[in-house]
$ cat entry34.tsv   # TSV, C-alpha atoms and all ligand atoms
chain	number	residue	atom	x	y	z
A	1	MET	CA	40.01	112.56	9.98
A	2	SER	CA	41.42	115.97	10.54
A	3	ARG	CA	43.52	116.58	13.60
A	4	PHE	CA	44.33	119.71	15.53
A	5	GLN	CA	46.90	121.83	13.82
A	6	GLY	CA	47.63	123.83	16.95
A	7	PRO	CA	48.44	127.50	16.60
A	8	THR	CA	48.95	127.30	12.84
A	9	ALA	CA	45.20	127.14	12.15
A	10	ALA	CA	44.46	129.84	14.74
A	11	GLU	CA	47.07	132.17	13.28
A	12	THR	CA	45.34	132.13	9.90
A	13	LEU	CA	42.15	133.54	11.46
A	14	ASP	CA	41.01	137.09	12.01
A	15	ALA	CA	38.21	136.60	14.56
A	16	ALA	CA	35.94	138.81	16.66
A	17	GLY	CA	32.90	138.36	18.89
A	18	ARG	CA	30.18	140.85	19.84
A	19	SER	CA	27.18	140.52	22.16
A	20	ASP	CA	24.47	142.96	23.16
A	21	THR	CA	21.37	142.85	25.36
A	22	GLY	CA	19.29	144.38	22.56
A	23	LEU	CA	16.56	146.94	23.09
A	24	LEU	CA	13.75	144.93	24.70
A	25	ARG	CA	15.25	142.33	27.05
A	26	PRO	CA	16.20	143.24	30.64
A	27	ALA	CA	19.46	141.27	30.59
A	28	ASN	CA	21.86	139.51	28.25
A	29	GLU	CA	21.62	135.73	28.64
A	30	ASP	CA	23.80	134.98	25.58
A	31	SER	CA	27.47	134.07	25.93
A	32	PHE	CA	30.23	133.60	23.39
A	33	LEU	CA	33.75	132.28	23.08
A	34	CYS	CA	36.24	133.71	20.60
A	35	GLU	CA	39.49	131.86	21.23
A	36	PRO	CA	40.68	130.59	17.85
A	37	PRO	CA	40.76	127.83	16.83
A	38	VAL	CA	37.62	127.40	19.01
A	39	LEU	CA	34.60	129.66	18.53
A	40	ALA	CA	31.17	129.30	20.12
A	41	VAL	CA	27.84	130.98	20.78
A	42	ALA	CA	25.36	130.03	23.52
A	43	ASP	CA	21.85	131.46	23.98
A	44	GLY	CA	20.50	130.90	27.50
A	45	LEU	CA	16.82	130.00	27.57
A	46	GLY	CA	14.54	132.95	28.14
A	47	GLY	CA	11.56	132.53	30.42
A	48	HIS	CA	13.60	130.08	32.50
A	49	PRO	CA	15.79	130.78	35.51
A	50	ALA	CA	19.47	131.57	35.09
A	51	GLY	CA	19.80	131.51	31.32
A	52	ASP	CA	22.92	133.63	31.67
A	53	VAL	CA	24.47	131.09	34.07
A	54	ALA	CA	23.61	128.22	31.72
A	55	SER	CA	25.15	129.84	28.64
A	56	ALA	CA	28.35	130.82	30.49
A	57	LEU	CA	28.82	127.40	32.15
A	58	ALA	CA	28.17	125.50	28.92
A	59	LEU	CA	31.09	127.27	27.22
A	60	GLU	CA	33.67	126.50	29.93
A	61	PRO	CA	34.71	123.08	28.53
A	62	LEU	CA	35.01	124.67	25.08
A	63	ALA	CA	37.35	127.32	26.51
A	64	GLN	CA	39.37	124.48	28.01
A	65	LEU	CA	39.47	122.79	24.60
A	66	ALA	CA	40.72	126.04	23.08
A	67	SER	CA	43.67	126.17	25.46
A	68	GLN	CA	44.50	122.49	24.78
A	69	ALA	CA	44.14	122.95	21.03
A	70	GLN	CA	46.93	125.54	21.15
A	71	GLN	CA	49.26	122.73	22.23
A	72	ALA	CA	47.94	120.30	19.60
A	73	VAL	CA	45.86	117.49	21.10
A	74	GLY	CA	45.88	114.21	19.23
A	75	ALA	CA	42.14	113.48	19.18
A	76	PRO	CA	39.93	113.68	16.10
A	77	ALA	CA	38.59	117.21	16.04
A	78	SER	CA	34.88	116.49	15.60
A	79	GLU	CA	34.89	114.04	18.52
A	80	ALA	CA	36.75	116.47	20.80
A	81	LEU	CA	34.33	119.28	19.95
A	82	ALA	CA	31.17	117.22	20.50
A	83	GLU	CA	32.65	115.88	23.74
A	84	ALA	CA	33.26	119.45	24.96
A	85	VAL	CA	29.59	120.28	24.28
A	86	ARG	CA	28.52	117.17	26.21
A	87	ARG	CA	30.78	118.19	29.10
A	88	GLY	CA	29.06	121.59	28.99
A	89	ASN	CA	25.75	119.76	29.34
A	90	ASP	CA	27.12	117.91	32.40
A	91	ARG	CA	28.27	121.18	33.98
A	92	VAL	CA	24.97	123.00	33.51
A	93	HIS	CA	22.90	120.02	34.63
A	94	ALA	CA	25.05	119.35	37.72
A	95	ASP	CA	25.00	123.04	38.70
A	96	ALA	CA	21.20	123.10	38.54
A	97	GLN	CA	21.02	120.08	40.88
A	98	GLU	CA	23.18	121.97	43.40
A	99	HIS	CA	21.21	125.22	43.05
A	100	PRO	CA	17.47	124.45	43.03
A	101	GLU	CA	16.66	128.03	42.04
A	102	ARG	CA	18.38	127.26	38.73
A	103	LEU	CA	16.53	123.99	38.02
A	104	GLY	CA	15.43	123.84	34.40
A	105	MET	CA	18.10	126.21	33.15
A	106	GLY	CA	19.39	125.47	29.68
A	107	THR	CA	21.10	126.95	26.67
A	108	THR	CA	21.79	126.47	23.00
A	109	VAL	CA	25.40	125.82	21.99
A	110	THR	CA	26.88	126.16	18.52
A	111	ALA	CA	30.62	125.57	18.44
A	112	ALA	CA	33.33	125.48	15.78
A	113	LEU	CA	36.87	124.18	15.74
A	114	VAL	CA	38.76	125.68	12.82
A	115	GLY	CA	41.46	123.48	11.34
A	116	GLU	CA	44.04	124.28	8.69
A	117	HIS	CA	41.57	123.81	5.83
A	118	THR	CA	38.27	122.75	7.39
A	119	VAL	CA	35.81	123.75	10.10
A	120	GLN	CA	34.35	121.17	12.48
A	121	LEU	CA	30.99	122.05	14.01
A	122	ALA	CA	28.90	120.78	16.90
A	123	HIS	CA	25.55	122.19	17.93
A	124	VAL	CA	22.36	121.91	19.95
A	125	GLY	CA	19.42	124.30	19.54
A	126	ASP	CA	18.78	127.20	17.16
A	127	SER	CA	21.99	129.23	17.26
A	128	ARG	CA	23.42	128.96	13.76
A	129	ALA	CA	26.65	128.59	11.84
A	130	TYR	CA	27.07	130.06	8.36
A	131	ARG	CA	29.90	130.03	5.86
A	132	TRP	CA	30.41	132.97	3.54
A	133	SER	CA	32.54	132.90	0.42
A	134	PRO	CA	32.91	135.48	-2.38
A	135	GLU	CA	31.77	132.85	-4.92
A	136	ASP	CA	28.93	131.09	-3.08
A	137	GLY	CA	27.71	133.85	-0.77
A	138	LEU	CA	26.05	132.77	2.48
A	139	THR	CA	25.48	129.07	3.23
A	140	ARG	CA	23.85	127.83	6.44
A	141	LEU	CA	25.79	124.95	8.00
A	142	THR	CA	23.44	123.98	10.86
A	143	ARG	CA	19.80	122.91	11.11
A	144	ASP	CA	17.81	124.41	14.00
A	145	HIS	CA	16.44	121.86	16.44
A	146	THR	CA	12.89	123.16	16.13
A	147	PRO	CA	9.64	121.51	14.95
A	148	THR	CA	9.48	123.89	11.99
A	149	GLU	CA	12.97	123.01	10.72
A	150	GLU	CA	12.17	119.30	11.08
A	151	ALA	CA	9.05	119.90	8.99
A	152	VAL	CA	11.12	121.74	6.35
A	153	ALA	CA	13.62	118.85	6.28
A	154	ALA	CA	10.71	116.40	5.81
A	155	GLY	CA	9.33	118.54	2.96
A	156	ALA	CA	6.14	119.36	4.89
A	157	LEU	CA	6.81	123.12	5.14
A	158	SER	CA	8.62	125.61	2.91
A	159	PRO	CA	11.38	127.67	4.57
A	160	GLU	CA	9.20	130.77	4.00
A	161	GLU	CA	6.23	129.19	5.80
A	162	ALA	CA	8.48	127.96	8.60
A	163	ALA	CA	9.82	131.49	9.21
A	164	GLN	CA	6.27	132.63	10.06
A	165	ARG	CA	5.29	129.82	12.44
A	166	PRO	CA	5.36	130.46	16.20
A	167	GLU	CA	6.76	126.93	16.79
A	168	ARG	CA	10.01	128.13	15.23
A	169	HIS	CA	10.98	129.22	18.77
A	170	VAL	CA	10.33	125.82	20.36
A	171	LEU	CA	13.58	123.97	20.96
A	172	LEU	CA	13.55	120.19	20.66
A	173	ARG	CA	17.00	119.91	22.22
A	174	VAL	CA	18.78	122.06	24.77
A	175	VAL	CA	22.08	121.85	26.63
A	176	GLY	CA	21.72	121.45	30.41
A	177	THR	CA	18.10	120.51	31.07
A	178	ASP	CA	18.68	116.75	30.97
A	179	PRO	CA	21.51	114.43	32.08
A	180	GLU	CA	22.26	113.52	28.43
A	181	VAL	CA	22.13	115.54	25.23
A	182	ALA	CA	22.35	114.52	21.56
A	183	VAL	CA	24.92	116.76	19.87
A	184	ASP	CA	24.67	117.32	16.11
A	185	VAL	CA	27.96	117.12	14.24
A	186	PRO	CA	27.41	118.43	10.70
A	187	GLU	CA	29.76	117.56	7.84
A	188	PRO	CA	32.99	119.59	8.11
A	189	ALA	CA	32.96	122.73	5.97
A	190	THR	CA	35.90	124.16	4.07
A	191	LEU	CA	37.21	127.62	4.87
A	192	ALA	CA	39.64	129.02	2.33
A	193	SER	CA	41.50	132.31	2.33
A	194	GLY	CA	39.06	135.24	2.18
A	195	GLU	CA	36.13	133.12	3.37
A	196	MET	CA	34.25	133.69	6.62
A	197	LEU	CA	32.58	131.63	9.33
A	198	LEU	CA	29.71	133.21	11.29
A	199	LEU	CA	28.21	131.84	14.50
A	200	CYS	CA	25.18	133.70	15.83
A	201	SER	CA	22.21	133.58	18.17
A	202	ASP	CA	18.64	133.97	16.88
A	203	GLY	CA	18.80	137.60	18.05
A	204	LEU	CA	20.60	138.18	14.73
A	205	THR	CA	18.74	135.82	12.39
A	206	GLU	CA	15.20	136.66	13.52
A	207	PRO	CA	15.33	140.40	12.74
A	208	VAL	CA	18.01	140.36	10.00
A	209	GLU	CA	17.28	138.47	6.79
A	210	GLU	CA	19.96	136.24	5.28
A	211	PRO	CA	20.47	138.39	2.14
A	212	VAL	CA	21.21	141.36	4.42
A	213	ILE	CA	23.67	139.28	6.46
A	214	ALA	CA	25.37	138.25	3.20
A	215	GLU	CA	25.65	141.89	2.07
A	216	ILE	CA	27.18	142.96	5.38
A	217	LEU	CA	29.75	140.15	5.21
A	218	ALA	CA	30.59	140.98	1.59
A	219	SER	CA	31.51	144.53	2.57
A	220	ALA	CA	33.29	143.71	5.88
A	221	THR	CA	36.91	144.86	5.95
A	222	SER	CA	37.78	142.80	9.04
A	223	ALA	CA	36.15	140.36	11.46
A	224	ALA	CA	35.71	143.14	14.04
A	225	ASP	CA	34.16	145.45	11.47
A	226	GLY	CA	31.81	142.72	10.17
A	227	ALA	CA	30.75	141.62	13.67
A	228	THR	CA	29.98	145.20	14.71
A	229	ALA	CA	27.96	145.81	11.53
A	230	LEU	CA	25.91	142.63	12.04
A	231	LEU	CA	25.13	143.58	15.64
A	232	GLN	CA	24.13	147.08	14.56
A	233	ALA	CA	21.81	145.67	11.88
A	234	ALA	CA	19.92	143.70	14.55
A	235	LEU	CA	19.67	146.80	16.78
A	236	ASP	CA	18.53	148.94	13.82
A	237	ARG	CA	15.66	146.46	13.32
A	238	GLY	CA	14.46	146.87	16.90
A	239	GLY	CA	16.89	144.55	18.74
A	240	PRO	CA	14.04	142.32	19.98
A	241	ASP	CA	16.36	139.76	21.61
A	242	ASN	CA	19.90	139.42	22.94
A	243	VAL	CA	22.21	139.49	19.90
A	244	THR	CA	25.49	137.59	19.68
A	245	VAL	CA	27.84	137.07	16.75
A	246	VAL	CA	31.27	135.50	16.41
A	247	LEU	CA	32.87	136.10	13.03
A	248	ALA	CA	36.11	134.59	11.74
A	249	ARG	CA	37.78	135.39	8.44
A	250	ARG	CA	40.52	133.21	7.00
A	251	ARG	CA	43.46	135.45	6.13
B	1	MN	MN	17.81	134.29	21.61
$ encode --input "entry34.tsv" --output "structure tokens"
Amino acid sequence: MSRFQGPTAAETLDAAGRSDTGLLRPANEDSFLCEPPVLAVADGLGGHPAGDVASALALEPLAQLASQAQQAVGAPASEALAEAVRRGNDRVHADAQEHPERLGMGTTVTAALVGEHTVQLAHVGDSRAYRWSPEDGLTRLTRDHTPTEEAVAAGALSPEEAAQRPERHVLLRVVGTDPEVAVDVPEPATLASGEMLLLCSDGLTEPVEEPVIAEILASATSAADGATALLQAALDRGGPDNVTVVLARRR
């Protein structure tokens, strides 16, 4: 199992986060964390109360993990990351019990802990993680917790059909609505020099097709430049939702 490498892993990363309300929503309910070696995106549930509170609260334990990771904590990385997401669930759920006007609030969370050679991931919902490399292009690392993605995984729907179905917005799992949450921990990904890790809310992936995302990453000169270009691509396509991206490039 990989262990925290402390600042050494963080120092190899050029990372940047961007978030925007978009052009149609009244407020931004997304939140992000860009504190290498910990990166995260959270998309507060729309149509529910206090999505912005949920997404911000859910990331607090991950921010705490980021500060501990700088001093090298001796726990297996994947376990520490998933535990931080579960603690985020506790925070959001407990806060809603104390503030009845926030009952039912919830959020997606997709989090990454970047080690010296690998990336650990933990996620709940439909915010995504992608890896980009010059050789392989764009590879999705997470599976959305939606009925359509489950149907694709079971071979009952093609990815093209799934992208058209309205159920693609229904979340089967959310952080904060229930006392317990099942956190997905995908296989660790590698991240070599020159390769990039992208975390994003569906405000990017709904309007901007994956080949376009890949092109933007291929021409990015820095994490900040790439993150800004991705955000702009979503706005250029109508910015229908809050848009959030966190991009990290291994130096
Ligand atoms: Mn969204």
$ residues_around --input "entry34.tsv" --residues "A:Leu103" --least-positions-apart "6" --cutoff "10 Å" --atoms "only C-alpha atoms" --output "PyMOL selection string"
chain A and resi 48-50+92-97+176-177
$ residues_around --input "entry34.tsv" --residues "stretch 115-131 of chain A" --least-positions-apart "4" --cutoff "7 Å" --atoms "all atoms listed in the file" --output "mmCIF file with C-alpha atoms, in the frame of the given file"
data_model
loop_
_atom_site.group_PDB
_atom_site.id
_atom_site.type_symbol
_atom_site.label_atom_id
_atom_site.label_comp_id
_atom_site.auth_asym_id
_atom_site.auth_seq_id
_atom_site.Cartn_x
_atom_site.Cartn_y
_atom_site.Cartn_z
ATOM 1 C CA PHE A 4 44.330 119.710 15.530
ATOM 2 C CA GLN A 5 46.900 121.830 13.820
ATOM 3 C CA ALA A 9 45.200 127.140 12.150
ATOM 4 C CA ALA A 77 38.590 117.210 16.040
ATOM 5 C CA SER A 78 34.880 116.490 15.600
ATOM 6 C CA LEU A 81 34.330 119.280 19.950
ATOM 7 C CA ALA A 82 31.170 117.220 20.500
ATOM 8 C CA THR A 108 21.790 126.470 23.000
ATOM 9 C CA VAL A 109 25.400 125.820 21.990
ATOM 10 C CA THR A 110 26.880 126.160 18.520
ATOM 11 C CA ALA A 111 30.620 125.570 18.440
ATOM 12 C CA LEU A 138 26.050 132.770 2.480
ATOM 13 C CA THR A 139 25.480 129.070 3.230
ATOM 14 C CA ARG A 140 23.850 127.830 6.440
ATOM 15 C CA LEU A 141 25.790 124.950 8.000
ATOM 16 C CA THR A 142 23.440 123.980 10.860
ATOM 17 C CA ASP A 144 17.810 124.410 14.000
ATOM 18 C CA HIS A 145 16.440 121.860 16.440
ATOM 19 C CA LEU A 171 13.580 123.970 20.960
ATOM 20 C CA ARG A 173 17.000 119.910 22.220
ATOM 21 C CA VAL A 174 18.780 122.060 24.770
ATOM 22 C CA VAL A 175 22.080 121.850 26.630
ATOM 23 C CA VAL A 183 24.920 116.760 19.870
ATOM 24 C CA ASP A 184 24.670 117.320 16.110
ATOM 25 C CA VAL A 185 27.960 117.120 14.240
ATOM 26 C CA PRO A 186 27.410 118.430 10.700
ATOM 27 C CA PRO A 188 32.990 119.590 8.110
ATOM 28 C CA ALA A 189 32.960 122.730 5.970
ATOM 29 C CA THR A 190 35.900 124.160 4.070
ATOM 30 C CA LEU A 191 37.210 127.620 4.870
ATOM 31 C CA ALA A 192 39.640 129.020 2.330
ATOM 32 C CA MET A 196 34.250 133.690 6.620
ATOM 33 C CA LEU A 197 32.580 131.630 9.330
ATOM 34 C CA LEU A 198 29.710 133.210 11.290
ATOM 35 C CA LEU A 199 28.210 131.840 14.500
ATOM 36 C CA CYS A 200 25.180 133.700 15.830
ATOM 37 C CA SER A 201 22.210 133.580 18.170
ATOM 38 C CA ASP A 202 18.640 133.970 16.880
#
$ closest_residue --input "entry34.tsv" --among "A:Leu217, A:Leu45, A:Leu33, A:Leu172" --to "ligand MN 1 (chain B)" --atoms "all atoms listed in the file"
A:Leu45
$ atom_distance --input "entry34.tsv" --atom1 "atom CA of A:Leu231" --atom2 "atom CA of A:Val246"
10.2 Å
$ closest_atom_pairs --input "entry34.tsv" --of "chain A" --to "ligand MN 1 (chain B)" --cutoff "12 Å" --atoms "only C-alpha atoms and all ligand atoms" --output "CSV"
residue,atom,partner,partner_atom,distance
A:Ser19,CA,B:MN1,MN,11.3
A:Asp20,CA,B:MN1,MN,11.0
A:Thr21,CA,B:MN1,MN,10.0
A:Gly22,CA,B:MN1,MN,10.2
A:Leu24,CA,B:MN1,MN,11.8
A:Arg25,CA,B:MN1,MN,10.0
A:Ala27,CA,B:MN1,MN,11.5
A:Asn28,CA,B:MN1,MN,9.4
A:Glu29,CA,B:MN1,MN,8.1
A:Asp30,CA,B:MN1,MN,7.2
A:Ser31,CA,B:MN1,MN,10.6
A:Val41,CA,B:MN1,MN,10.6
A:Ala42,CA,B:MN1,MN,8.9
A:Asp43,CA,B:MN1,MN,5.5
A:Gly44,CA,B:MN1,MN,7.3
A:Leu45,CA,B:MN1,MN,7.4
A:Gly46,CA,B:MN1,MN,7.4
A:Gly47,CA,B:MN1,MN,10.9
A:Gly51,CA,B:MN1,MN,10.3
A:Asp52,CA,B:MN1,MN,11.3
A:Ser55,CA,B:MN1,MN,11.1
A:Thr107,CA,B:MN1,MN,9.5
A:Thr108,CA,B:MN1,MN,8.9
A:Val109,CA,B:MN1,MN,11.4
A:Gly125,CA,B:MN1,MN,10.3
A:Asp126,CA,B:MN1,MN,8.4
A:Ser127,CA,B:MN1,MN,7.9
A:Arg128,CA,B:MN1,MN,11.0
A:Arg168,CA,B:MN1,MN,11.8
A:His169,CA,B:MN1,MN,9.0
A:Val170,CA,B:MN1,MN,11.4
A:Leu171,CA,B:MN1,MN,11.2
A:Cys200,CA,B:MN1,MN,9.4
A:Ser201,CA,B:MN1,MN,5.6
A:Asp202,CA,B:MN1,MN,4.8
A:Gly203,CA,B:MN1,MN,5.0
A:Leu204,CA,B:MN1,MN,8.4
A:Thr205,CA,B:MN1,MN,9.4
A:Glu206,CA,B:MN1,MN,8.8
A:Pro207,CA,B:MN1,MN,11.1
A:Ala234,CA,B:MN1,MN,12.0
A:Gly239,CA,B:MN1,MN,10.7
A:Pro240,CA,B:MN1,MN,9.0
A:Asp241,CA,B:MN1,MN,5.7
A:Asn242,CA,B:MN1,MN,5.7
A:Val243,CA,B:MN1,MN,7.0
A:Thr244,CA,B:MN1,MN,8.6
A:Val245,CA,B:MN1,MN,11.5
$ closest_residue --input "entry34.tsv" --among "A:Val181, A:Ala163, A:Ala223, A:Ala58" --to "A:Arg251" --atoms "only C-alpha atoms"
A:Ala223
